file upload_27.txt (compact mmCIF, C-alpha atoms)
# COMPACT_ATOMS: atom_id res chain seq x y z
CA MET A 186 -6.74 49.74 -68.83
CA SER A 187 -4.90 49.01 -65.59
CA GLN A 188 -3.79 45.41 -65.28
CA PRO A 189 -2.33 45.00 -61.80
CA LEU A 190 -2.19 41.22 -62.16
CA HIS A 191 -0.18 41.17 -65.38
CA GLY A 192 2.39 38.38 -65.06
CA LYS A 193 0.40 36.60 -62.32
CA VAL A 194 -0.95 33.08 -62.70
CA ALA A 195 -4.31 32.01 -61.29
CA LEU A 196 -6.16 28.72 -61.04
CA VAL A 197 -9.93 28.99 -60.67
CA ALA A 198 -11.16 25.53 -59.79
CA GLY A 199 -14.83 25.31 -60.67
CA ALA A 200 -15.04 28.07 -63.28
CA THR A 201 -17.60 26.79 -65.76
CA ARG A 202 -20.41 29.08 -64.60
CA GLY A 203 -21.64 31.27 -61.75
CA ALA A 204 -19.19 32.84 -59.34
CA GLY A 205 -16.28 30.84 -60.72
CA ARG A 206 -16.79 32.24 -64.19
CA GLY A 207 -17.19 35.79 -62.86
CA ILE A 208 -13.98 35.46 -60.85
CA ALA A 209 -12.02 34.04 -63.77
CA VAL A 210 -13.13 36.85 -66.09
CA GLU A 211 -12.26 39.59 -63.62
CA LEU A 212 -8.84 38.08 -62.94
CA GLY A 213 -8.35 38.10 -66.70
CA ALA A 214 -9.46 41.73 -66.90
CA ALA A 215 -6.76 42.50 -64.33
CA GLY A 216 -4.19 40.90 -66.65
CA ALA A 217 -3.71 37.44 -65.16
CA THR A 218 -3.15 34.15 -66.90
CA VAL A 219 -6.07 32.08 -65.65
CA TYR A 220 -6.37 28.31 -65.72
CA VAL A 221 -10.05 27.41 -65.49
CA THR A 222 -11.29 23.96 -64.57
CA GLY A 223 -14.57 22.10 -64.45
CA ARG A 224 -16.35 19.10 -65.92
CA SER A 225 -18.65 20.68 -68.53
CA THR A 226 -16.95 21.06 -71.91
CA ARG A 227 -18.01 21.50 -75.50
CA ALA A 228 -17.48 17.76 -75.95
CA SER A 229 -19.40 16.55 -72.89
CA ARG A 230 -21.57 17.81 -70.05
CA SER A 231 -21.49 17.04 -66.34
CA GLU A 232 -24.61 15.79 -64.55
CA TYR A 233 -25.76 19.44 -64.47
CA ASP A 234 -26.51 19.03 -68.17
CA ARG A 235 -26.27 22.76 -68.77
CA PRO A 236 -25.02 24.70 -71.84
CA GLU A 237 -22.19 26.64 -70.14
CA THR A 238 -18.75 25.23 -70.97
CA LEU A 239 -15.26 25.54 -69.64
CA GLU A 240 -13.96 26.62 -73.03
CA ASP A 241 -16.48 29.47 -73.09
CA THR A 242 -15.12 30.70 -69.76
CA ALA A 243 -11.54 30.59 -71.04
CA ASP A 244 -12.58 32.60 -74.11
CA LEU A 245 -14.24 35.20 -71.89
CA VAL A 246 -11.06 35.50 -69.81
CA THR A 247 -9.01 36.15 -72.92
CA ALA A 248 -11.54 38.62 -74.31
CA ALA A 249 -11.39 40.53 -71.01
CA GLY A 250 -7.65 41.07 -71.42
CA GLY A 251 -6.08 38.04 -69.77
CA HIS A 252 -5.07 34.62 -71.01
CA GLY A 253 -7.66 31.93 -70.39
CA ILE A 254 -6.64 28.27 -70.43
CA ALA A 255 -9.30 25.58 -70.07
CA VAL A 256 -8.26 22.31 -68.44
CA PRO A 257 -11.13 19.84 -67.94
CA THR A 258 -10.68 18.39 -64.46
CA ASP A 259 -12.67 16.31 -62.00
CA HIS A 260 -11.45 17.61 -58.66
CA LEU A 261 -12.55 14.44 -56.89
CA ASP A 262 -9.85 12.59 -58.81
CA PRO A 263 -6.44 13.26 -57.19
CA GLY A 264 -4.66 12.04 -60.30
CA GLN A 265 -6.40 14.58 -62.51
CA VAL A 266 -5.70 17.38 -60.03
CA ARG A 267 -2.04 16.36 -59.78
CA ALA A 268 -1.78 16.41 -63.59
CA LEU A 269 -3.42 19.85 -63.68
CA VAL A 270 -0.93 21.31 -61.20
CA ASP A 271 1.98 19.63 -62.99
CA ARG A 272 0.85 21.32 -66.20
CA VAL A 273 0.67 24.74 -64.54
CA ALA A 274 4.14 24.20 -63.07
CA GLU A 275 5.58 23.12 -66.41
CA GLU A 276 4.01 25.96 -68.40
CA GLN A 277 4.27 28.81 -65.87
CA ASP A 278 6.63 27.69 -63.06
CA ARG A 279 4.44 29.56 -60.59
CA LEU A 280 0.95 29.88 -59.15
CA ASP A 281 -0.04 33.14 -57.49
CA ILE A 282 -3.78 32.75 -56.93
CA LEU A 283 -5.82 29.65 -56.15
CA VAL A 284 -9.61 29.97 -56.06
CA ASN A 285 -11.40 26.89 -54.74
CA ASP A 286 -14.91 27.36 -56.11
CA ILE A 287 -15.81 23.72 -56.74
CA TRP A 288 -19.40 23.07 -55.70
CA GLY A 289 -21.75 21.08 -57.91
CA GLY A 290 -24.39 20.57 -55.24
CA GLU A 291 -27.46 22.48 -56.46
CA LYS A 292 -29.33 19.29 -57.37
CA LEU A 293 -28.26 17.36 -54.27
CA PHE A 294 -29.88 19.14 -51.31
CA ALA A 295 -33.48 19.39 -50.16
CA TRP A 296 -34.61 22.63 -48.49
CA GLY A 297 -35.50 22.12 -44.84
CA SER A 298 -35.13 18.35 -45.01
CA PRO A 299 -33.68 16.95 -41.74
CA VAL A 300 -30.74 14.59 -41.99
CA TRP A 301 -32.83 11.46 -41.30
CA GLU A 302 -35.20 12.30 -44.18
CA HIS A 303 -32.61 13.65 -46.64
CA ASP A 304 -31.40 11.27 -49.32
CA LEU A 305 -28.17 9.97 -47.82
CA ASP A 306 -26.38 9.31 -51.09
CA ASP A 307 -27.14 12.84 -52.29
CA GLY A 308 -26.00 14.35 -49.01
CA LEU A 309 -22.72 12.48 -48.94
CA ARG A 310 -22.11 13.27 -52.61
CA LEU A 311 -22.70 16.96 -51.83
CA LEU A 312 -20.09 16.85 -49.06
CA ARG A 313 -17.58 15.17 -51.33
CA LEU A 314 -18.12 17.74 -54.09
CA ALA A 315 -18.10 20.75 -51.75
CA VAL A 316 -15.41 19.80 -49.24
CA GLU A 317 -13.26 16.91 -50.43
CA THR A 318 -12.58 18.59 -53.78
CA HIS A 319 -11.21 21.67 -52.02
CA ALA A 320 -8.91 19.57 -49.84
CA ILE A 321 -7.59 17.58 -52.80
CA THR A 322 -6.95 20.73 -54.81
CA SER A 323 -5.18 22.53 -51.98
CA HIS A 324 -3.05 19.47 -51.23
CA HIS A 325 -1.69 19.36 -54.75
CA ALA A 326 -1.63 23.08 -55.64
CA LEU A 327 -0.23 24.74 -52.54
CA PRO A 328 3.40 23.57 -52.90
CA LEU A 329 3.46 25.36 -56.27
CA LEU A 330 1.75 28.45 -54.85
CA LEU A 331 4.31 28.64 -52.05
CA ARG A 332 7.23 28.83 -54.48
CA THR A 333 6.50 32.54 -54.93
CA PRO A 334 5.96 34.77 -51.88
CA GLY A 335 2.63 36.57 -51.60
CA GLY A 336 0.31 33.86 -52.87
CA LEU A 337 -3.45 34.01 -52.24
CA VAL A 338 -5.97 31.21 -51.67
CA VAL A 339 -9.67 32.05 -51.83
CA GLU A 340 -12.15 29.50 -50.48
CA MET A 341 -15.54 30.27 -51.99
CA THR A 342 -18.61 29.57 -49.87
CA ASP A 343 -22.13 30.79 -49.12
CA GLY A 344 -22.51 33.00 -46.08
CA THR A 345 -20.12 34.72 -43.73
CA ASP A 346 -18.79 33.07 -40.61
CA ALA A 347 -20.92 35.39 -38.46
CA TYR A 348 -24.12 34.73 -40.41
CA ASN A 349 -23.68 30.96 -40.68
CA ARG A 350 -22.83 30.70 -37.00
CA GLU A 351 -26.22 32.18 -36.07
CA ASN A 352 -28.41 30.73 -38.83
CA TYR A 353 -29.40 27.27 -40.03
CA ARG A 354 -28.53 27.11 -43.71
CA VAL A 355 -31.01 25.15 -45.82
CA SER A 356 -30.30 21.59 -44.59
CA PHE A 357 -27.85 19.55 -42.53
CA PHE A 358 -25.65 18.74 -45.51
CA TYR A 359 -25.71 22.22 -47.05
CA ASP A 360 -25.04 23.86 -43.69
CA LEU A 361 -22.14 21.52 -42.98
CA ALA A 362 -20.60 22.02 -46.42
CA LYS A 363 -20.67 25.81 -46.43
CA THR A 364 -19.46 26.14 -42.86
CA SER A 365 -16.65 23.61 -43.46
CA VAL A 366 -15.26 25.70 -46.30
CA ILE A 367 -15.05 28.74 -44.01
CA ARG A 368 -13.15 26.67 -41.49
CA MET A 369 -10.83 25.47 -44.27
CA ALA A 370 -9.77 29.06 -44.91
CA PHE A 371 -9.15 29.56 -41.19
CA ALA A 372 -6.96 26.44 -41.06
CA LEU A 373 -5.12 27.34 -44.26
CA GLY A 374 -4.48 30.79 -42.86
CA HIS A 375 -2.58 29.21 -39.99
CA GLU A 376 -0.60 26.99 -42.32
CA LEU A 377 0.08 29.51 -45.08
CA GLY A 378 0.57 32.73 -43.11
CA PRO A 379 3.98 31.82 -41.64
CA ARG A 380 5.05 30.72 -45.11
CA GLY A 381 4.29 34.04 -46.81
CA ALA A 382 0.85 33.34 -48.29
CA THR A 383 -2.73 34.29 -47.41
CA ALA A 384 -5.98 32.33 -47.25
CA VAL A 385 -9.49 33.76 -46.97
CA ALA A 386 -13.07 32.56 -47.20
CA LEU A 387 -15.26 34.65 -49.49
CA THR A 388 -18.99 34.68 -50.13
CA PRO A 389 -20.93 36.48 -52.83
CA GLY A 390 -24.35 37.87 -52.06
CA TRP A 391 -27.53 36.86 -53.86
CA LEU A 392 -25.90 35.81 -57.09
CA ARG A 393 -27.56 36.27 -60.46
CA SER A 394 -25.96 33.12 -61.78
CA GLU A 395 -27.08 31.46 -64.98
CA MET A 396 -29.09 28.93 -62.97
CA MET A 397 -30.72 31.58 -60.77
CA LEU A 398 -31.77 33.69 -63.73
CA GLU A 399 -33.21 30.61 -65.39
CA HIS A 400 -35.05 29.67 -62.20
CA TYR A 401 -36.77 33.07 -62.17
CA GLU A 402 -37.36 32.94 -65.93
CA VAL A 403 -35.43 36.14 -66.64
CA ARG A 404 -32.16 37.16 -68.29
CA GLU A 405 -29.50 39.51 -67.03
CA GLU A 406 -30.94 42.22 -69.26
CA ASN A 407 -34.39 42.07 -67.60
CA TRP A 408 -33.62 40.56 -64.19
CA ARG A 409 -35.74 43.18 -62.43
CA ASP A 410 -38.83 41.55 -63.93
CA ALA A 411 -38.44 38.91 -61.22
CA LEU A 412 -39.01 41.44 -58.43
CA ASP A 413 -42.79 41.14 -58.66
CA ARG A 414 -42.42 37.51 -57.56
CA VAL A 415 -39.35 37.85 -55.30
CA PRO A 416 -39.02 41.47 -54.12
CA HIS A 417 -35.83 40.90 -52.09
CA PHE A 418 -34.10 39.81 -55.31
CA ALA A 419 -33.52 43.57 -55.71
CA ILE A 420 -30.32 43.17 -53.69
CA SER A 421 -28.91 40.60 -56.13
CA GLU A 422 -25.59 40.97 -57.93
CA THR A 423 -23.79 39.69 -61.02
CA PRO A 424 -21.03 37.05 -60.73
CA ARG A 425 -18.57 39.69 -61.87
CA TYR A 426 -19.06 41.57 -58.57
CA VAL A 427 -17.47 38.86 -56.46
CA GLY A 428 -14.94 38.47 -59.26
CA ARG A 429 -13.89 42.05 -58.69
CA ALA A 430 -13.58 41.28 -54.99
CA VAL A 431 -11.10 38.50 -55.75
CA ALA A 432 -9.16 40.69 -58.19
CA ALA A 433 -8.98 43.45 -55.56
CA LEU A 434 -7.66 41.02 -52.95
CA ALA A 435 -5.11 39.59 -55.37
CA SER A 436 -3.90 43.10 -56.26
CA ASP A 437 -3.56 44.26 -52.65
CA PRO A 438 0.07 44.29 -51.43
CA GLU A 439 -1.31 44.16 -47.89
CA VAL A 440 -3.70 41.27 -48.47
CA ALA A 441 -2.16 39.40 -45.53
CA ARG A 442 -4.24 41.60 -43.21
CA TRP A 443 -7.20 39.40 -44.15
CA ASN A 444 -5.45 36.08 -43.51
CA GLY A 445 -7.78 33.38 -42.17
CA GLN A 446 -10.82 35.64 -42.21
CA SER A 447 -14.34 35.24 -43.58
CA LEU A 448 -15.13 38.01 -46.09
CA ASP A 449 -18.02 39.08 -48.31
CA GLY A 450 -18.10 40.96 -51.57
CA GLY A 451 -20.23 43.86 -50.34
CA SER A 452 -17.89 44.68 -47.46
CA LEU A 453 -14.83 44.42 -49.70
CA ALA A 454 -16.47 46.78 -52.22
CA ARG A 455 -16.57 49.46 -49.54
CA THR A 456 -12.93 48.82 -48.66
CA TYR A 457 -11.52 48.67 -52.19
CA GLY A 458 -13.96 50.92 -54.03
CA PHE A 459 -15.07 48.57 -56.82
CA THR A 460 -18.66 48.29 -58.05
CA ASP A 461 -20.88 45.82 -59.81
CA LEU A 462 -21.33 46.15 -63.57
CA ASP A 463 -24.16 48.65 -63.11
CA GLY A 464 -22.08 50.91 -60.86
CA SER A 465 -23.87 49.88 -57.64
CA ARG A 466 -22.40 48.25 -54.51
CA PRO A 467 -24.86 45.60 -53.29
CA ASP A 468 -24.35 44.85 -49.59
CA ALA A 469 -26.35 41.64 -49.47
CA TRP A 470 -25.36 40.19 -46.11
CA ARG A 471 -26.11 43.38 -44.20
CA TYR A 472 -29.39 43.66 -46.11
CA LEU A 473 -30.26 40.06 -45.31
CA VAL A 474 -29.93 40.63 -41.58
CA GLU A 475 -31.40 44.12 -41.37
CA VAL A 476 -34.20 43.87 -43.93
CA GLN A 477 -35.11 40.40 -45.22
CA ASP A 478 -34.60 38.35 -42.04
CA ALA A 479 -36.10 41.17 -40.00
CA GLY A 480 -39.34 40.76 -41.94
CA LYS A 481 -39.28 44.24 -43.47
CA PRO A 482 -40.55 45.06 -46.97
CA ALA A 483 -37.96 44.92 -49.71
CA ASP A 484 -36.12 48.22 -49.92
CA VAL A 485 -32.51 48.37 -51.06
CA THR A 486 -32.07 52.05 -50.22
CA GLY A 487 -28.71 52.37 -48.53
CA TYR A 488 -27.76 48.79 -49.41
CA ARG A 489 -26.66 49.16 -53.01

call {"tool": "encode", "arguments": {"input": "upload_27.txt", "output": "structure tokens"}}
result
Amino acid sequence: MSQPLHGKVALVAGATRGAGRGIAVELGAAGATVYVTGRSTRASRSEYDRPETLEDTADLVTAAGGHGIAVPTDHLDPGQVRALVDRVAEEQDRLDILVNDIWGGEKLFAWGSPVWEHDLDDGLRLLRLAVETHAITSHHALPLLLRTPGGLVVEMTDGTDAYNRENYRVSFFYDLAKTSVIRMAFALGHELGPRGATAVALTPGWLRSEMMLEHYEVREENWRDALDRVPHFAISETPRYVGRAVAALASDPEVARWNGQSLDGGSLARTYGFTDLDGSRPDAWRYLVEVQDAGKPADVTGYR
């Protein structure tokens, strides 16, 4: 098996489940040593109160062919993040890939609720989890990443710059959070590019995360059973798909061509030639505009 990232060191911040787990596993499959962080461990759960654990993610990374290292971390605590980066520096003396996937906001936003009706504490907590954590992590991790030329920072979000610019996303707080992360990548691109590193914003499509599958009362093995209720779910993808997008970016010697840009997994699949686990190439954001938002019946022909 080709392992283009053998010898590389990655930090996936927010890797307990969902896209973060998929990214960590695919970086491991490409040969990387991957530090995975989050707040849900085998000893204690975060407020999500879900069964996925950080240690499970690390084990999956190792099983995929990499070296997974779990480091429980609250990325709102600068001291914990500083200690995390100090550990990576002491053990590896380098950091090649930083993925800021910290989120934690699924239970904190209300669909279509205007700012004056939205719970203020929940909204501000969402912004702290989705934006402040990324800033804290970049502040402490980027000096280490810049020690070695060619580093990559991936800011994970929901939606492309083009889509979010034209569409209201869920609520004031959600919209602000996801758009802010895209702008973070743009700003980091300006700061990192002249110093030999690259920053991008990246969005998955309709993700078949653990929480989404549970919401539709299906498993990965029978996810298509949900299509009777939600036909457009046919365009959905596994978390490993966006993981392969990150691995492809990290393996690209010309990754700097993307610096500061907003990217999506479906477009990168066409560029780099990777597929989802079933061999398909879901192109969710093009589908969303041309089919779902256009009010057409669900039909993924030509979109996966």

call {"tool": "residues_around", "arguments": {"input": "upload_27.txt", "residues": "range 443-455 of chain A", "least_positions_apart": "3", "cutoff": "8 Å", "atoms": "all atoms listed in the file", "output": "JSON list (two decimals) with C-alpha atoms, in the frame of the given file"}}
result
[["chain", "number", "residue", "atom", "x", "y", "z"],
["A", 344, "GLY", "CA", -22.51, 33.00, -46.08],
["A", 345, "THR", "CA", -20.12, 34.72, -43.73],
["A", 346, "ASP", "CA", -18.79, 33.07, -40.61],
["A", 367, "ILE", "CA", -15.05, 28.74, -44.01],
["A", 370, "ALA", "CA", -9.77, 29.06, -44.91],
["A", 371, "PHE", "CA", -9.15, 29.56, -41.19],
["A", 372, "ALA", "CA", -6.96, 26.44, -41.06],
["A", 373, "LEU", "CA", -5.12, 27.34, -44.26],
["A", 374, "GLY", "CA", -4.48, 30.79, -42.86],
["A", 375, "HIS", "CA", -2.58, 29.21, -39.99],
["A", 378, "GLY", "CA", 0.57, 32.73, -43.11],
["A", 383, "THR", "CA", -2.73, 34.29, -47.41],
["A", 384, "ALA", "CA", -5.98, 32.33, -47.25],
["A", 385, "VAL", "CA", -9.49, 33.76, -46.97],
["A", 386, "ALA", "CA", -13.07, 32.56, -47.20],
["A", 387, "LEU", "CA", -15.26, 34.65, -49.49],
["A", 388, "THR", "CA", -18.99, 34.68, -50.13],
["A", 389, "PRO", "CA", -20.93, 36.48, -52.83],
["A", 390, "GLY", "CA", -24.35, 37.87, -52.06],
["A", 426, "TYR", "CA", -19.06, 41.57, -58.57],
["A", 427, "VAL", "CA", -17.47, 38.86, -56.46],
["A", 430, "ALA", "CA", -13.58, 41.28, -54.99],
["A", 440, "VAL", "CA", -3.70, 41.27, -48.47],
["A", 458, "GLY", "CA", -13.96, 50.92, -54.03],
["A", 459, "PHE", "CA", -15.07, 48.57, -56.82],
["A", 460, "THR", "CA", -18.66, 48.29, -58.05],
["A", 466, "ARG", "CA", -22.40, 48.25, -54.51],
["A", 467, "PRO", "CA", -24.86, 45.60, -53.29],
["A", 468, "ASP", "CA", -24.35, 44.85, -49.59],
["A", 469, "ALA", "CA", -26.35, 41.64, -49.47],
["A", 470, "TRP", "CA", -25.36, 40.19, -46.11]]

call {"tool": "residues_around", "arguments": {"input": "upload_27.txt", "residues": "range 303-316 of chain A", "least_positions_apart": "2", "cutoff": "7 Å", "atoms": "all atoms listed in the file", "output": "PyMOL selection string"}}
result
chain A and resi 287-290+293-295+298-301+318-320+358+362+366

call {"tool": "residues_near_point", "arguments": {"input": "upload_27.txt", "point": "(-19.3, 33.9, -63.8)", "cutoff": "9 Å", "atoms": "all atoms listed in the file", "output": "number ranges by chain"}}
result
A: 200-210, 242, 394-395, 423-425, 428

call {"tool": "atom_distance", "arguments": {"input": "upload_27.txt", "atom1": "CA of Ser231 in chain A", "atom2": "CA of Glu399 in chain A"}}
result
18.0 Å

call {"tool": "closest_residue", "arguments": {"input": "upload_27.txt", "among": "A:Phe418, A:Pro438, A:Pro236, A:Thr486", "to": "Val403 in chain A", "atoms": "only C-alpha atoms"}}
result
A:Phe418

call {"tool": "atom_distance", "arguments": {"input": "upload_27.txt", "atom1": "CA of Ala432 in chain A", "atom2": "CA of Val485 in chain A"}}
result
25.6 Å

call {"tool": "atom_distance", "arguments": {"input": "upload_27.txt", "atom1": "CA of Lys481 in chain A", "atom2": "CA of Thr342 in chain A"}}
result
26.1 Å

call {"tool": "axis_aligned_box", "arguments": {"input": "upload_27.txt", "around": "range 262-268 of chain A", "padding_each_side": "6 Å", "output": "AutoDock Vina command-line options"}}
result
--center_x -5.8 --center_y 14.7 --center_z -60.4 --size_x 20.1 --size_y 17.3 --size_z 18.4

call {"tool": "residues_around", "arguments": {"input": "upload_27.txt", "residues": "range 327-329 of chain A", "least_positions_apart": "3", "cutoff": "7 Å", "atoms": "all atoms listed in the file", "output": "PDB file with C-alpha atoms, keeping the file's coordinate frame"}}
result
ATOM      1  CA  ALA A 274       4.140  24.200 -63.070  1.00  0.00           C
ATOM      2  CA  ARG A 279       4.440  29.560 -60.590  1.00  0.00           C
ATOM      3  CA  LEU A 280       0.950  29.880 -59.150  1.00  0.00           C
ATOM      4  CA  SER A 323      -5.180  22.530 -51.980  1.00  0.00           C
ATOM      5  CA  HIS A 324      -3.050  19.470 -51.230  1.00  0.00           C
ATOM      6  CA  ARG A 332       7.230  28.830 -54.480  1.00  0.00           C
TER       7      ARG A 332
END

call {"tool": "residues_around", "arguments": {"input": "upload_27.txt", "residues": "Leu337 in chain A", "least_positions_apart": "4", "cutoff": "7 Å", "atoms": "all atoms listed in the file", "output": "PyMOL selection string"}}
result
chain A and resi 281-283+382-384+435

call {"tool": "closest_residue", "arguments": {"input": "upload_27.txt", "among": "A:Ala215, A:Val284, A:Ile321, A:Ala479", "to": "Asp262 in chain A", "atoms": "only C-alpha atoms"}}
result
A:Ile321

call {"tool": "residues_around", "arguments": {"input": "upload_27.txt", "residues": "Asp286 in chain A", "least_positions_apart": "4", "cutoff": "7 Å", "atoms": "only C-alpha atoms", "output": "CSV table (one decimal) with C-alpha atoms, keeping the file's coordinate frame"}}
result
chain,number,residue,atom,x,y,z
A,197,VAL,CA,-9.9,29.0,-60.7
A,198,ALA,CA,-11.2,25.5,-59.8
A,199,GLY,CA,-14.8,25.3,-60.7
A,205,GLY,CA,-16.3,30.8,-60.7
A,340,GLU,CA,-12.2,29.5,-50.5
A,341,MET,CA,-15.5,30.3,-52.0

call {"tool": "closest_residue", "arguments": {"input": "upload_27.txt", "among": "A:Ile420, A:Ala433, A:Ala347, A:Ala214", "to": "Leu473 in chain A", "atoms": "only C-alpha atoms"}}
result
A:Ile420

call {"tool": "decode", "arguments": {"input": "upload_27.txt", "residues": "range 410-438 of chain A", "atoms": "C-alpha atoms", "output": "PDB file, in the first residue's frame"}}
result
ATOM      1  CA  ASP A 410     -33.123   2.904   3.863  1.00  0.00           C
ATOM      2  CA  ALA A 411     -33.364   6.575   4.840  1.00  0.00           C
ATOM      3  CA  LEU A 412     -34.023   7.657   1.251  1.00  0.00           C
ATOM      4  CA  ASP A 413     -37.759   6.992   1.524  1.00  0.00           C
ATOM      5  CA  ARG A 414     -37.909   9.746   4.153  1.00  0.00           C
ATOM      6  CA  VAL A 415     -35.140  12.025   2.826  1.00  0.00           C
ATOM      7  CA  PRO A 416     -34.590  11.358  -0.899  1.00  0.00           C
ATOM      8  CA  HIS A 417     -31.768  13.898  -1.311  1.00  0.00           C
ATOM      9  CA  PHE A 418     -29.758  11.931   1.263  1.00  0.00           C
ATOM     10  CA  ALA A 419     -28.751   9.877  -1.792  1.00  0.00           C
ATOM     11  CA  ILE A 420     -25.894  12.337  -2.357  1.00  0.00           C
ATOM     12  CA  SER A 421     -24.451  11.698   1.119  1.00  0.00           C
ATOM     13  CA  GLU A 422     -20.908  10.517   1.774  1.00  0.00           C
ATOM     14  CA  THR A 423     -18.862   8.766   4.449  1.00  0.00           C
ATOM     15  CA  PRO A 424     -16.457  10.739   6.685  1.00  0.00           C
ATOM     16  CA  ARG A 425     -13.609   8.894   5.010  1.00  0.00           C
ATOM     17  CA  TYR A 426     -14.320  10.740   1.737  1.00  0.00           C
ATOM     18  CA  VAL A 427     -13.314  14.125   3.100  1.00  0.00           C
ATOM     19  CA  GLY A 428     -10.491  12.317   4.887  1.00  0.00           C
ATOM     20  CA  ARG A 429      -9.156  11.256   1.519  1.00  0.00           C
ATOM     21  CA  ALA A 430      -9.416  14.860   0.372  1.00  0.00           C
ATOM     22  CA  VAL A 431      -7.154  15.954   3.234  1.00  0.00           C
ATOM     23  CA  ALA A 432      -4.703  13.113   2.576  1.00  0.00           C
ATOM     24  CA  ALA A 433      -4.577  14.087  -1.111  1.00  0.00           C
ATOM     25  CA  LEU A 434      -3.873  17.717  -0.244  1.00  0.00           C
ATOM     26  CA  ALA A 435      -1.185  16.743   2.260  1.00  0.00           C
ATOM     27  CA  SER A 436       0.481  14.481  -0.326  1.00  0.00           C
ATOM     28  CA  ASP A 437       0.472  17.082  -3.106  1.00  0.00           C
ATOM     29  CA  PRO A 438       3.898  18.712  -3.635  1.00  0.00           C
TER      30      PRO A 438
END
